[in-house]
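Q: One structure, as structure tokens, below. Some questions next.
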Amino acid sequence: MTREILIDYDQVNDIDNSSLIRFIRREDHKRIVNRSAGEEHYRLLRYLSQQFTNGLIVELGTHYGTSALALSIDQKNKIITYDVSDGRFGCSLPDNVTRRLGNIFDLNEESILLQADFIFLDTSHTGDFEYRVYEYLRDNNYKNFIVYDDILQYEAMREFWNKIPDVSNNHSKHDITRMGHSSGTGLIDFGGHVRIKPPVEKNDEAEEETRSYSYIDEWLECGE
């Protein structure tokens, strides 16, 4: 990835995932796939996938398949999704998604991670596998970014996330929960190409509105 990637909260939240519902078999996932940014991460995943054309996206943790479905929206991208279990799958996925059964390290396929335009990880939440992937990317000069789900939901995941330095010589980490999943969404940028535009704080909006009124008041006073 050589160009800058802007992750804009307003653009993420404008994503409409309602067209994906017909491909989902689970009723609970039909209800959540189009929830707003900051509640669920599916709008964010679709938004990120749309930043690439002819890209490679690797998902670690297929589970029900809903995330892979959101990632697959651009048919020109290739999605490879891994899971250690095949028992909970519940989506119809397009042809640009390849499913792999097994731990990516046990399959000796971890080198595919280094080719990915970005990686999405949502697996066992023990922190061990999550950190192993981080170390592999760090130690092998990965140049793009990885998104982790549920960084705040479990103690093990919070410990994992806190163990990663905010900034190092080859990466920076960002908590993007407000535009991802309420259980915590983290991004590690290994290439320095990601720029994040969070939502405007309500206090900032109120301050700006107050400032505007003060200018008007001053102008009226001068006019009198």
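Identifiers for the structure tokens are assigned positionally: chains receive A, B, ... in sequence, residues are indexed from 1 per chain, and ligands are indexed from 1 in the order shown.
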Give me every strand (DSSP E or B) residue in region 49-218 of chain A, going by DSSP on the backbone, as a ChimeraX atom specification.
A: /A:56-60,78-83,91,97-101,118-121,145-149,167,172-175,185-189,194-197
Q: Those same residues - N, CA and C atoms - I'd like them written as a compact mmCIF listing (two decimals), in the first residue's frame.
A:
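Contents of out_21.txt, freshly written:
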```
# COMPACT_ATOMS: atom_id res chain seq x y z
N LEU A 56 -5.78 -7.46 -1.68
CA LEU A 56 -5.85 -8.71 -0.93
C LEU A 56 -6.15 -8.38 0.52
N ILE A 57 -7.23 -8.96 1.04
CA ILE A 57 -7.63 -8.77 2.42
C ILE A 57 -7.64 -10.13 3.10
N VAL A 58 -6.97 -10.24 4.24
CA VAL A 58 -6.94 -11.49 4.98
C VAL A 58 -7.72 -11.33 6.27
N GLU A 59 -8.64 -12.25 6.51
CA GLU A 59 -9.41 -12.28 7.75
C GLU A 59 -8.99 -13.49 8.56
N LEU A 60 -8.72 -13.27 9.83
CA LEU A 60 -8.41 -14.36 10.75
C LEU A 60 -9.58 -14.48 11.72
N LYS A 78 -9.69 -9.64 -3.40
CA LYS A 78 -9.65 -11.05 -3.02
C LYS A 78 -9.62 -11.15 -1.51
N ILE A 79 -10.53 -11.93 -0.95
CA ILE A 79 -10.61 -12.13 0.49
C ILE A 79 -10.22 -13.57 0.81
N ILE A 80 -9.28 -13.75 1.72
CA ILE A 80 -8.94 -15.08 2.24
C ILE A 80 -9.28 -15.08 3.72
N THR A 81 -10.16 -15.97 4.14
CA THR A 81 -10.61 -15.97 5.53
C THR A 81 -10.31 -17.32 6.17
N TYR A 82 -9.74 -17.28 7.36
CA TYR A 82 -9.30 -18.47 8.09
C TYR A 82 -10.14 -18.68 9.34
N ASP A 83 -10.42 -19.93 9.66
CA ASP A 83 -11.04 -20.27 10.93
C ASP A 83 -10.66 -21.71 11.29
N CYS A 91 -23.46 -17.72 6.19
CA CYS A 91 -23.64 -16.73 5.13
C CYS A 91 -23.40 -17.36 3.77
N VAL A 97 -14.28 -14.67 -2.24
CA VAL A 97 -13.91 -15.09 -0.89
C VAL A 97 -13.43 -16.54 -0.93
N THR A 98 -12.24 -16.77 -0.38
CA THR A 98 -11.71 -18.12 -0.23
C THR A 98 -11.65 -18.47 1.25
N ARG A 99 -12.29 -19.57 1.61
CA ARG A 99 -12.29 -20.00 3.01
C ARG A 99 -11.21 -21.05 3.23
N ARG A 100 -10.46 -20.87 4.34
CA ARG A 100 -9.42 -21.81 4.70
C ARG A 100 -9.69 -22.30 6.11
N LEU A 101 -9.63 -23.61 6.31
CA LEU A 101 -9.91 -24.21 7.61
C LEU A 101 -8.60 -24.57 8.30
N PHE A 118 -4.73 -5.22 3.93
CA PHE A 118 -4.98 -5.11 5.37
C PHE A 118 -5.51 -6.43 5.89
N ILE A 119 -5.47 -6.56 7.22
CA ILE A 119 -5.84 -7.79 7.90
C ILE A 119 -6.90 -7.47 8.93
N PHE A 120 -7.90 -8.32 9.05
CA PHE A 120 -8.90 -8.20 10.12
C PHE A 120 -8.81 -9.44 10.98
N LEU A 121 -8.67 -9.24 12.30
CA LEU A 121 -8.51 -10.37 13.22
C LEU A 121 -9.60 -10.35 14.28
N PHE A 145 -1.74 -2.44 7.40
CA PHE A 145 -2.36 -2.30 8.72
C PHE A 145 -3.24 -3.50 9.05
N ILE A 146 -3.44 -3.67 10.36
CA ILE A 146 -4.29 -4.75 10.87
C ILE A 146 -5.33 -4.15 11.80
N VAL A 147 -6.54 -4.68 11.74
CA VAL A 147 -7.64 -4.26 12.62
C VAL A 147 -7.98 -5.43 13.54
N TYR A 148 -8.02 -5.15 14.84
CA TYR A 148 -8.37 -6.16 15.85
C TYR A 148 -9.76 -5.85 16.40
N ASP A 149 -10.58 -6.88 16.54
CA ASP A 149 -11.89 -6.72 17.16
C ASP A 149 -11.82 -7.09 18.65
N VAL A 167 3.40 4.01 20.03
CA VAL A 167 4.21 4.36 18.87
C VAL A 167 5.55 3.65 19.00
N SER A 172 2.29 2.36 14.67
CA SER A 172 1.52 3.11 15.67
C SER A 172 0.19 2.40 15.87
N LYS A 173 -0.38 2.52 17.06
CA LYS A 173 -1.67 1.87 17.31
C LYS A 173 -2.72 2.93 17.60
N HIS A 174 -3.97 2.58 17.27
CA HIS A 174 -5.08 3.52 17.38
C HIS A 174 -6.33 2.78 17.86
N ASP A 175 -6.98 3.33 18.85
CA ASP A 175 -8.27 2.82 19.30
C ASP A 175 -9.34 3.50 18.45
N THR A 185 -12.40 -1.76 19.06
CA THR A 185 -11.77 -1.98 17.76
C THR A 185 -10.44 -1.24 17.76
N GLY A 186 -9.38 -1.97 17.47
CA GLY A 186 -8.05 -1.37 17.44
C GLY A 186 -7.40 -1.54 16.08
N LEU A 187 -6.59 -0.57 15.71
CA LEU A 187 -5.87 -0.59 14.43
C LEU A 187 -4.40 -0.37 14.69
N ILE A 188 -3.56 -1.20 14.10
CA ILE A 188 -2.11 -1.00 14.14
C ILE A 188 -1.64 -0.71 12.73
N ASP A 189 -1.05 0.45 12.56
CA ASP A 189 -0.59 0.93 11.25
C ASP A 189 0.91 0.70 11.16
N VAL A 194 -2.04 5.41 7.28
CA VAL A 194 -3.43 5.54 7.71
C VAL A 194 -3.63 6.86 8.45
N ARG A 195 -4.67 7.58 8.05
CA ARG A 195 -5.05 8.81 8.75
C ARG A 195 -6.49 8.64 9.23
N ILE A 196 -6.76 9.01 10.45
CA ILE A 196 -8.06 8.77 11.06
C ILE A 196 -8.74 10.10 11.37
N LYS A 197 -9.97 10.24 10.89
CA LYS A 197 -10.77 11.43 11.16
C LYS A 197 -11.94 11.01 12.04
```
Q: Could you list, as a ChimeraX atom specification, every residue within 12 Å of Gln11 (chain A), counting only C-alpha atoms and ignoring same-chain residues fewer than 5 positions away?
A: /A:6,16,36-37,43-44,46-48,50-51,179,196-199
Q: Need the shell around Gly90 (chain A): protein/DNA/RNA residues with any atom at most 10 Å away, counting only C-alpha atoms. Skip same-chain ones fewer than 3 positions apart. Format as an NGL selection string?
A: :A and (23-27 or 29 or 63-66 or 86-87 or 93)
Q: Give me, as a VMD selection string, all polymer residues having an atom no more than 8 Å from Pro94 (chain A), counting only C-alpha atoms and skipping those fewer than 5 positions away in the same chain.
A: chain A and resid 69 72 75
Q: Among region 2-220 of chain A, which ones does DSSP place in helix (DSSP H, G or I), written as a ChimeraX atom specification?
A: /A:9-13,18-23,27-32,42-49,66-71,110-115,128-139,155-163,177-179,202-220
Q: Interatomic distance between CA of Leu71 (chain A) and CA of Ser49 (chain A)?
A: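 So the two atoms, CA of Leu71 (chain A) and CA of Ser49 (chain A), lie 5.4 Å apart.
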Q: Do you know which residues are at most 8 Å from His125 (chain A) counting only C-alpha atoms, after dropping those on the same chain fewer than 4 positions away, and could you put them as number ranges by chain?
A: A: 129-130, 150, 154, 156-157
Q: Just the selected residues (C-alpha atoms), exported as a PDB file, in the first residue's frame, please.
A:
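Saved the output as again.pdb:
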```pdb
ATOM      1  CA  PHE A 129      -2.776 -15.573  19.070  1.00  0.00           C
ATOM      2  CA  GLU A 130      -3.419 -11.858  18.663  1.00  0.00           C
ATOM      3  CA  ASP A 150     -12.945  -6.872  20.850  1.00  0.00           C
ATOM      4  CA  TYR A 154     -12.090  -9.253  27.736  1.00  0.00           C
ATOM      5  CA  ALA A 156      -6.925 -10.870  28.164  1.00  0.00           C
ATOM      6  CA  MET A 157      -7.610  -8.645  25.168  1.00  0.00           C
TER       7      MET A 157
END
```
Q: Between CA of Asn77 (chain A) and CA of Asn96 (chain A), what distance in Å does the model show, to one decimal?
A: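 Rounded to one decimal, the two atoms are 6.8 Å apart.
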Q: Can you measure CA of Tyr42 (chain A) to CA of Ser124 (chain A) for me? One decimal in Å is fine.
A: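 Going from CA of Tyr42 (chain A) over to CA of Ser124 (chain A) covers 18.8 Å.
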